Amino acid sequence: MKGASPPTSAASQHLLGNHRVEVSGDRARSLTYARVHHQGAGPFAGRSYECLGEYDDHWARTPAGWLLTSRVFAMTMSIGDVGVLQPG
C-alpha cells in the first residue's frame, strides 16, 4: 500500500498440532495448539516474539463448504519483544 509503514516483522512461523474436531450436524468446533514465532525487521532486527496457546474455532457448513464463524486464541505463554508485531 502506498504510504504504508513497512512491517517490523520480517518473518513468522505458526506451528499447529493436536487438532481436535467435534462435528454436530452443520456445526463444528476445532481446538488446535499453536506455537507462533515472529522475527523482527527494520528497527526490530535481531529481536523476536514468540507465544504459545490454543485456537478455539467454530465452523458452519454452507452450500459453499465449511466456513469459519469465530476464532479465539487463548495465549498461555509469551516471550520476547511484542513490538515486532507493530507497523514500522
# chains A, B, ... in the order shown; residues from 1 in each chain; ligands from 1

$ residues_around --residues "range 32-42 of chain A" --least-positions-apart "3" --cutoff "10 Å" --atoms "only C-alpha atoms" --output "ChimeraX atom specification"
/A:6-21,45-57,73-75,77-86,88

$ residues_around --residues "range 23-27 of chain A" --least-positions-apart "3" --cutoff "10 Å" --atoms "only C-alpha atoms" --output "PyMOL selection string"
chain A and resi 30+58-62+66-67+69

$ write_last_selection --atoms "N, CA and C atoms" --output "PDB file, in the first residue's frame"
ATOM      1  N   SER A  30     -13.305 -26.832  16.514  1.00  0.00           N
ATOM      2  CA  SER A  30     -11.971 -27.422  16.484  1.00  0.00           C
ATOM      3  C   SER A  30     -11.082 -26.687  17.483  1.00  0.00           C
ATOM      4  N   HIS A  58     -14.883 -22.118  15.621  1.00  0.00           N
ATOM      5  CA  HIS A  58     -16.247 -22.604  15.382  1.00  0.00           C
ATOM      6  C   HIS A  58     -16.535 -22.479  13.892  1.00  0.00           C
ATOM      7  N   TRP A  59     -17.210 -23.491  13.353  1.00  0.00           N
ATOM      8  CA  TRP A  59     -17.427 -23.631  11.918  1.00  0.00           C
ATOM      9  C   TRP A  59     -18.906 -23.853  11.613  1.00  0.00           C
ATOM     10  N   ALA A  60     -19.318 -23.482  10.391  1.00  0.00           N
ATOM     11  CA  ALA A  60     -20.673 -23.751   9.911  1.00  0.00           C
ATOM     12  C   ALA A  60     -20.575 -24.324   8.501  1.00  0.00           C
ATOM     13  N   ARG A  61     -21.353 -25.389   8.247  1.00  0.00           N
ATOM     14  CA  ARG A  61     -21.383 -25.981   6.903  1.00  0.00           C
ATOM     15  C   ARG A  61     -22.369 -25.177   6.057  1.00  0.00           C
ATOM     16  N   THR A  62     -21.919 -24.740   4.895  1.00  0.00           N
ATOM     17  CA  THR A  62     -22.754 -23.978   3.966  1.00  0.00           C
ATOM     18  C   THR A  62     -22.737 -24.694   2.620  1.00  0.00           C
ATOM     19  N   TRP A  66     -17.364 -25.643   4.391  1.00  0.00           N
ATOM     20  CA  TRP A  66     -17.233 -25.226   5.787  1.00  0.00           C
ATOM     21  C   TRP A  66     -16.637 -23.829   5.865  1.00  0.00           C
ATOM     22  N   LEU A  67     -17.265 -22.961   6.670  1.00  0.00           N
ATOM     23  CA  LEU A  67     -16.776 -21.604   6.860  1.00  0.00           C
ATOM     24  C   LEU A  67     -16.500 -21.356   8.340  1.00  0.00           C
ATOM     25  N   THR A  69     -16.660 -19.368  11.563  1.00  0.00           N
ATOM     26  CA  THR A  69     -17.579 -18.352  12.066  1.00  0.00           C
ATOM     27  C   THR A  69     -17.010 -17.586  13.256  1.00  0.00           C
TER      28      THR A  69
END

$ select_by_dssp --residues "chain A" --states "strand (DSSP E or B)" --output "PyMOL selection string"
chain A and resi 7+9-24+27-40+48-62+65-80+87

$ write_last_selection --atoms "C-alpha atoms" --output "CSV table (one decimal), in the first residue's frame"
chain,number,residue,atom,x,y,z
A,7,PRO,CA,6.2,-4.1,8.8
A,9,SER,CA,8.2,-8.4,11.5
A,10,ALA,CA,10.4,-9.9,8.8
A,11,ALA,CA,9.2,-13.5,9.0
A,12,SER,CA,6.8,-15.6,11.1
A,13,GLN,CA,6.1,-19.3,11.6
A,14,HIS,CA,3.0,-20.9,13.0
A,15,LEU,CA,3.4,-24.5,14.2
A,16,LEU,CA,0.0,-26.2,14.7
A,17,GLY,CA,-0.7,-29.5,16.3
A,18,ASN,CA,-3.0,-31.8,18.2
A,19,HIS,CA,-6.1,-30.9,16.2
A,20,ARG,CA,-9.3,-32.0,17.9
A,21,VAL,CA,-12.6,-31.7,16.0
A,22,GLU,CA,-16.2,-32.2,17.2
A,23,VAL,CA,-18.9,-32.2,14.5
A,24,SER,CA,-22.6,-31.8,15.3
A,27,ARG,CA,-21.8,-27.0,13.1
A,28,ALA,CA,-18.3,-28.0,14.2
A,29,ARG,CA,-15.7,-26.9,16.8
A,30,SER,CA,-12.0,-27.4,16.5
A,31,LEU,CA,-9.2,-26.9,19.1
A,32,THR,CA,-5.6,-26.6,17.9
A,33,TYR,CA,-2.4,-25.9,19.9
A,34,ALA,CA,-0.1,-23.3,18.3
A,35,ARG,CA,3.4,-22.1,18.7
A,36,VAL,CA,3.9,-18.8,16.9
A,37,HIS,CA,7.3,-17.1,16.2
A,38,HIS,CA,7.9,-13.7,14.7
A,39,GLN,CA,11.4,-12.4,13.7
A,40,GLY,CA,11.9,-8.6,13.8
A,48,SER,CA,11.8,-11.8,18.2
A,49,TYR,CA,8.5,-12.5,19.8
A,50,GLU,CA,7.0,-16.0,20.5
A,51,CYS,CA,3.8,-17.2,22.0
A,52,LEU,CA,2.1,-20.5,22.8
A,53,GLY,CA,-1.6,-21.1,23.1
A,54,GLU,CA,-4.7,-22.7,21.6
A,55,TYR,CA,-7.1,-21.8,18.8
A,56,ASP,CA,-10.8,-22.4,19.6
A,57,ASP,CA,-12.6,-22.3,16.2
A,58,HIS,CA,-16.2,-22.6,15.4
A,59,TRP,CA,-17.4,-23.6,11.9
A,60,ALA,CA,-20.7,-23.8,9.9
A,61,ARG,CA,-21.4,-26.0,6.9
A,62,THR,CA,-22.8,-24.0,4.0
A,65,GLY,CA,-18.4,-25.7,2.2
A,66,TRP,CA,-17.2,-25.2,5.8
A,67,LEU,CA,-16.8,-21.6,6.9
A,68,LEU,CA,-15.0,-20.3,10.0
A,69,THR,CA,-17.6,-18.4,12.1
A,70,SER,CA,-15.4,-17.4,15.1
A,71,ARG,CA,-11.9,-17.8,16.3
A,72,VAL,CA,-10.4,-17.2,19.8
A,73,PHE,CA,-6.7,-17.6,20.5
A,74,ALA,CA,-6.1,-18.3,24.2
A,75,MET,CA,-2.4,-17.4,24.9
A,76,THR,CA,-0.8,-19.4,27.7
A,77,MET,CA,2.8,-18.1,27.4
A,78,SER,CA,4.8,-15.4,25.5
A,79,ILE,CA,8.4,-14.3,25.4
A,80,GLY,CA,10.3,-11.6,23.6
A,87,PRO,CA,3.7,-1.4,12.0
